[in-house]
Amino acid sequence: MIHGNPEGLRSFAKLLLEVADLDQEEVDNRYLPIGAREHYNLRPEIELSKSSDEVIVGRLDAKGTGDFYDRYESKD
């Protein structure tokens, strides 16, 4: 579940847009190598509340190839 007050939901929306809008091809290979995907770890007691579970928000498409994870299954 994703719950939050208006400020928290806006913050999460901002993070999602940041990940979606990032041009992975422009990120230096030292920080995001070819085949890697940008992602953020949201951790309890740091980015999230104490009662939350860790969440990883990230891109499905890999830098340089655009490939998805092998285990990805579309809903089609």
# chains A, B, ... in the order shown; residues from 1 in each chain; ligands from 1
>>> select_by_dssp(residues="chain A", states="strand (DSSP E)", output="ChimeraX atom specification")
/A:39-42,55-58
>>> write_last_selection(atoms="all heavy atoms", output="compact mmCIF listing (two decimals), in the first residue's frame")
# COMPACT_ATOMS: atom_id res chain seq x y z
N HIS A 39 17.73 3.78 -9.84
CA HIS A 39 16.77 3.38 -8.81
C HIS A 39 17.08 4.11 -7.50
O HIS A 39 18.18 4.63 -7.32
CB HIS A 39 16.82 1.87 -8.58
CG HIS A 39 18.10 1.40 -7.96
ND1 HIS A 39 19.26 1.24 -8.68
CD2 HIS A 39 18.40 1.09 -6.68
CE1 HIS A 39 20.23 0.83 -7.86
NE2 HIS A 39 19.73 0.74 -6.64
N TYR A 40 16.09 4.14 -6.65
CA TYR A 40 16.22 4.73 -5.33
C TYR A 40 15.68 3.75 -4.30
O TYR A 40 14.63 3.17 -4.49
CB TYR A 40 15.42 6.04 -5.21
CG TYR A 40 15.94 7.13 -6.11
CD1 TYR A 40 15.42 7.31 -7.39
CD2 TYR A 40 16.96 7.97 -5.69
CE1 TYR A 40 15.91 8.30 -8.22
CE2 TYR A 40 17.46 8.97 -6.52
CZ TYR A 40 16.92 9.13 -7.79
OH TYR A 40 17.40 10.10 -8.62
N ASN A 41 16.45 3.57 -3.22
CA ASN A 41 15.98 2.77 -2.10
C ASN A 41 15.32 3.70 -1.09
O ASN A 41 15.95 4.68 -0.66
CB ASN A 41 17.15 2.05 -1.43
CG ASN A 41 17.72 0.97 -2.31
OD1 ASN A 41 18.16 1.23 -3.41
ND2 ASN A 41 17.73 -0.25 -1.82
N LEU A 42 14.11 3.40 -0.72
CA LEU A 42 13.40 4.16 0.31
C LEU A 42 13.37 3.28 1.55
O LEU A 42 12.78 2.20 1.55
CB LEU A 42 11.99 4.51 -0.17
CG LEU A 42 11.91 5.25 -1.50
CD1 LEU A 42 10.46 5.52 -1.88
CD2 LEU A 42 12.71 6.54 -1.46
N VAL A 55 11.37 0.00 0.16
CA VAL A 55 10.81 0.02 -1.19
C VAL A 55 11.91 0.47 -2.14
O VAL A 55 12.68 1.37 -1.82
CB VAL A 55 9.62 1.01 -1.29
CG1 VAL A 55 9.11 1.12 -2.71
CG2 VAL A 55 8.51 0.61 -0.34
N ILE A 56 11.99 -0.17 -3.29
CA ILE A 56 12.91 0.27 -4.33
C ILE A 56 12.06 0.80 -5.48
O ILE A 56 11.18 0.11 -5.98
CB ILE A 56 13.82 -0.86 -4.82
CG1 ILE A 56 14.66 -1.39 -3.66
CG2 ILE A 56 14.70 -0.38 -5.98
CD1 ILE A 56 15.46 -2.63 -4.00
N VAL A 57 12.32 2.04 -5.87
CA VAL A 57 11.63 2.67 -7.00
C VAL A 57 12.67 2.83 -8.10
O VAL A 57 13.73 3.41 -7.87
CB VAL A 57 11.07 4.06 -6.60
CG1 VAL A 57 10.46 4.75 -7.80
CG2 VAL A 57 10.06 3.93 -5.47
N GLY A 58 12.40 2.29 -9.27
CA GLY A 58 13.40 2.39 -10.31
C GLY A 58 12.86 2.19 -11.71
O GLY A 58 11.70 1.87 -11.92
>>> residues_around(residues="Phe68 in chain A", least_positions_apart="3", cutoff="12 Å", atoms="only C-alpha atoms", output="mmCIF file with all heavy atoms, in the first residue's frame")
data_model
loop_
_atom_site.group_PDB
_atom_site.id
_atom_site.type_symbol
_atom_site.label_atom_id
_atom_site.label_comp_id
_atom_site.auth_asym_id
_atom_site.auth_seq_id
_atom_site.Cartn_x
_atom_site.Cartn_y
_atom_site.Cartn_z
ATOM 1 N N GLY A 35 23.740 -1.037 -19.055
ATOM 2 C CA GLY A 35 23.015 -2.216 -18.583
ATOM 3 C C GLY A 35 22.400 -2.051 -17.208
ATOM 4 O O GLY A 35 21.600 -2.875 -16.779
ATOM 5 N N ALA A 36 22.776 -0.971 -16.500
ATOM 6 C CA ALA A 36 22.198 -0.715 -15.169
ATOM 7 C C ALA A 36 20.944 0.142 -15.315
ATOM 8 O O ALA A 36 20.657 0.684 -16.378
ATOM 9 C CB ALA A 36 23.220 -0.017 -14.279
ATOM 10 N N ARG A 37 20.199 0.253 -14.227
ATOM 11 C CA ARG A 37 18.958 1.020 -14.209
ATOM 12 C C ARG A 37 18.980 1.958 -13.004
ATOM 13 O O ARG A 37 19.341 1.542 -11.901
ATOM 14 C CB ARG A 37 17.758 0.079 -14.095
ATOM 15 C CG ARG A 37 17.615 -0.840 -15.274
ATOM 16 C CD ARG A 37 16.840 -2.104 -14.884
ATOM 17 N NE ARG A 37 16.656 -2.964 -16.029
ATOM 18 C CZ ARG A 37 17.521 -3.908 -16.392
ATOM 19 N NH1 ARG A 37 18.614 -4.109 -15.694
ATOM 20 N NH2 ARG A 37 17.273 -4.654 -17.455
ATOM 21 N N GLY A 58 12.397 2.291 -9.270
ATOM 22 C CA GLY A 58 13.401 2.387 -10.309
ATOM 23 C C GLY A 58 12.865 2.190 -11.706
ATOM 24 O O GLY A 58 11.696 1.869 -11.919
ATOM 25 N N ARG A 59 13.765 2.380 -12.638
ATOM 26 C CA ARG A 59 13.460 2.232 -14.047
ATOM 27 C C ARG A 59 13.501 0.765 -14.431
ATOM 28 O O ARG A 59 14.290 -0.018 -13.897
ATOM 29 C CB ARG A 59 14.501 2.994 -14.867
ATOM 30 C CG ARG A 59 14.422 4.499 -14.697
ATOM 31 C CD ARG A 59 13.339 5.097 -15.557
ATOM 32 N NE ARG A 59 13.680 5.011 -16.961
ATOM 33 C CZ ARG A 59 14.329 5.966 -17.627
ATOM 34 N NH1 ARG A 59 14.669 7.090 -17.034
ATOM 35 N NH2 ARG A 59 14.608 5.800 -18.903
ATOM 36 N N LEU A 60 12.678 0.396 -15.359
ATOM 37 C CA LEU A 60 12.659 -0.964 -15.888
ATOM 38 C C LEU A 60 13.633 -1.094 -17.050
ATOM 39 O O LEU A 60 14.232 -2.149 -17.262
ATOM 40 C CB LEU A 60 11.231 -1.294 -16.336
ATOM 41 C CG LEU A 60 10.901 -2.707 -16.722
ATOM 42 C CD1 LEU A 60 11.218 -3.672 -15.595
ATOM 43 C CD2 LEU A 60 9.437 -2.819 -17.096
ATOM 44 N N ASP A 61 13.832 -0.018 -17.802
ATOM 45 C CA ASP A 61 14.693 -0.049 -18.984
ATOM 46 C C ASP A 61 16.151 0.201 -18.607
ATOM 47 O O ASP A 61 16.463 1.093 -17.842
ATOM 48 C CB ASP A 61 14.235 0.988 -20.006
ATOM 49 C CG ASP A 61 14.169 2.393 -19.435
ATOM 50 O OD1 ASP A 61 13.653 2.566 -18.305
ATOM 51 O OD2 ASP A 61 14.644 3.324 -20.100
ATOM 52 N N ALA A 62 17.041 -0.619 -19.156
ATOM 53 C CA ALA A 62 18.459 -0.523 -18.851
ATOM 54 C C ALA A 62 19.141 0.546 -19.697
ATOM 55 O O ALA A 62 18.807 0.733 -20.868
ATOM 56 C CB ALA A 62 19.138 -1.869 -19.092
ATOM 57 N N LYS A 63 20.105 1.206 -19.090
ATOM 58 C CA LYS A 63 20.887 2.215 -19.803
ATOM 59 C C LYS A 63 21.637 1.551 -20.953
ATOM 60 O O LYS A 63 22.230 0.482 -20.805
ATOM 61 C CB LYS A 63 21.894 2.864 -18.851
ATOM 62 C CG LYS A 63 22.806 3.861 -19.536
ATOM 63 C CD LYS A 63 23.823 4.418 -18.568
ATOM 64 C CE LYS A 63 24.766 5.370 -19.277
ATOM 65 N NZ LYS A 63 25.757 5.922 -18.346
ATOM 66 N N GLY A 64 21.604 2.183 -22.111
ATOM 67 C CA GLY A 64 22.372 1.726 -23.254
ATOM 68 C C GLY A 64 21.704 0.667 -24.102
ATOM 69 O O GLY A 64 21.975 0.567 -25.287
ATOM 70 N N THR A 65 20.840 -0.132 -23.493
ATOM 71 C CA THR A 65 20.201 -1.219 -24.240
ATOM 72 C C THR A 65 18.685 -1.085 -24.279
ATOM 73 O O THR A 65 18.053 -1.578 -25.203
ATOM 74 C CB THR A 65 20.542 -2.590 -23.633
ATOM 75 O OG1 THR A 65 19.972 -2.670 -22.327
ATOM 76 C CG2 THR A 65 22.044 -2.820 -23.559
ATOM 77 N N ARG A 71 13.228 -11.504 -15.982
ATOM 78 C CA ARG A 71 12.059 -12.069 -15.288
ATOM 79 C C ARG A 71 10.791 -11.215 -15.454
ATOM 80 O O ARG A 71 9.743 -11.564 -14.955
ATOM 81 C CB ARG A 71 12.368 -12.278 -13.817
ATOM 82 C CG ARG A 71 12.660 -11.025 -13.046
ATOM 83 C CD ARG A 71 13.050 -11.348 -11.595
ATOM 84 N NE ARG A 71 13.356 -10.146 -10.860
ATOM 85 C CZ ARG A 71 14.553 -9.568 -10.812
ATOM 86 N NH1 ARG A 71 15.552 -10.073 -11.476
ATOM 87 N NH2 ARG A 71 14.727 -8.478 -10.097
ATOM 88 N N TYR A 72 10.916 -10.077 -16.161
ATOM 89 C CA TYR A 72 9.761 -9.207 -16.383
ATOM 90 C C TYR A 72 8.736 -9.907 -17.273
ATOM 91 O O TYR A 72 9.065 -10.460 -18.312
ATOM 92 C CB TYR A 72 10.201 -7.895 -17.035
ATOM 93 C CG TYR A 72 9.037 -7.024 -17.461
ATOM 94 C CD1 TYR A 72 8.317 -6.306 -16.528
ATOM 95 C CD2 TYR A 72 8.646 -6.969 -18.793
ATOM 96 C CE1 TYR A 72 7.247 -5.526 -16.906
ATOM 97 C CE2 TYR A 72 7.574 -6.187 -19.182
ATOM 98 C CZ TYR A 72 6.881 -5.470 -18.243
ATOM 99 O OH TYR A 72 5.814 -4.706 -18.613
ATOM 100 N N GLU A 73 7.484 -9.862 -16.863
ATOM 101 C CA GLU A 73 6.375 -10.395 -17.649
ATOM 102 C C GLU A 73 5.344 -9.302 -17.806
ATOM 103 O O GLU A 73 4.804 -8.821 -16.812
ATOM 104 C CB GLU A 73 5.749 -11.612 -16.967
ATOM 105 C CG GLU A 73 6.684 -12.800 -16.867
ATOM 106 C CD GLU A 73 6.014 -14.003 -16.241
ATOM 107 O OE1 GLU A 73 4.785 -14.152 -16.381
ATOM 108 O OE2 GLU A 73 6.725 -14.775 -15.581
ATOM 109 N N SER A 74 5.055 -8.940 -19.046
ATOM 110 C CA SER A 74 4.051 -7.897 -19.266
ATOM 111 C C SER A 74 2.659 -8.427 -18.923
ATOM 112 O O SER A 74 2.449 -9.629 -18.810
ATOM 113 C CB SER A 74 4.080 -7.421 -20.719
ATOM 114 O OG SER A 74 3.565 -8.414 -21.573
#
>>> closest_atom_pairs(of="range 19-61 of chain A", to="range 5-11 of chain A", cutoff="12 Å", atoms="only C-alpha atoms", output="JSON lines")
{"residue": "A:Glu47", "atom": "CA", "partner": "A:Gly8", "partner_atom": "CA", "distance": 10.4}
{"residue": "A:Leu48", "atom": "CA", "partner": "A:Gly8", "partner_atom": "CA", "distance": 9.6}
{"residue": "A:Ser49", "atom": "CA", "partner": "A:Gly8", "partner_atom": "CA", "distance": 10.7}
>>> atom_distance(atom1="CA of Asp28 in chain A", atom2="CA of Asp67 in chain A")
18.7 Å
>>> atom_distance(atom1="CA of Gly4 in chain A", atom2="CA of Asp21 in chain A")
22.9 Å
>>> select_by_dssp(residues="chain A", states="helix (DSSP H, G or I)", output="number ranges by chain")
A: 6-21, 24-26
>>> atom_distance(atom1="CA of Pro44 in chain A", atom2="CA of Asp23 in chain A")
28.1 Å
>>> closest_residue(among="A:Glu54, A:Ile34, A:Ile2, A:Glu26", to="Gly66 in chain A", atoms="only C-alpha atoms")
A:Ile34
>>> closest_residue(among="A:Arg43, A:Glu38, A:Tyr69, A:Ala13", to="Glu25 in chain A", atoms="only C-alpha atoms")
A:Glu38
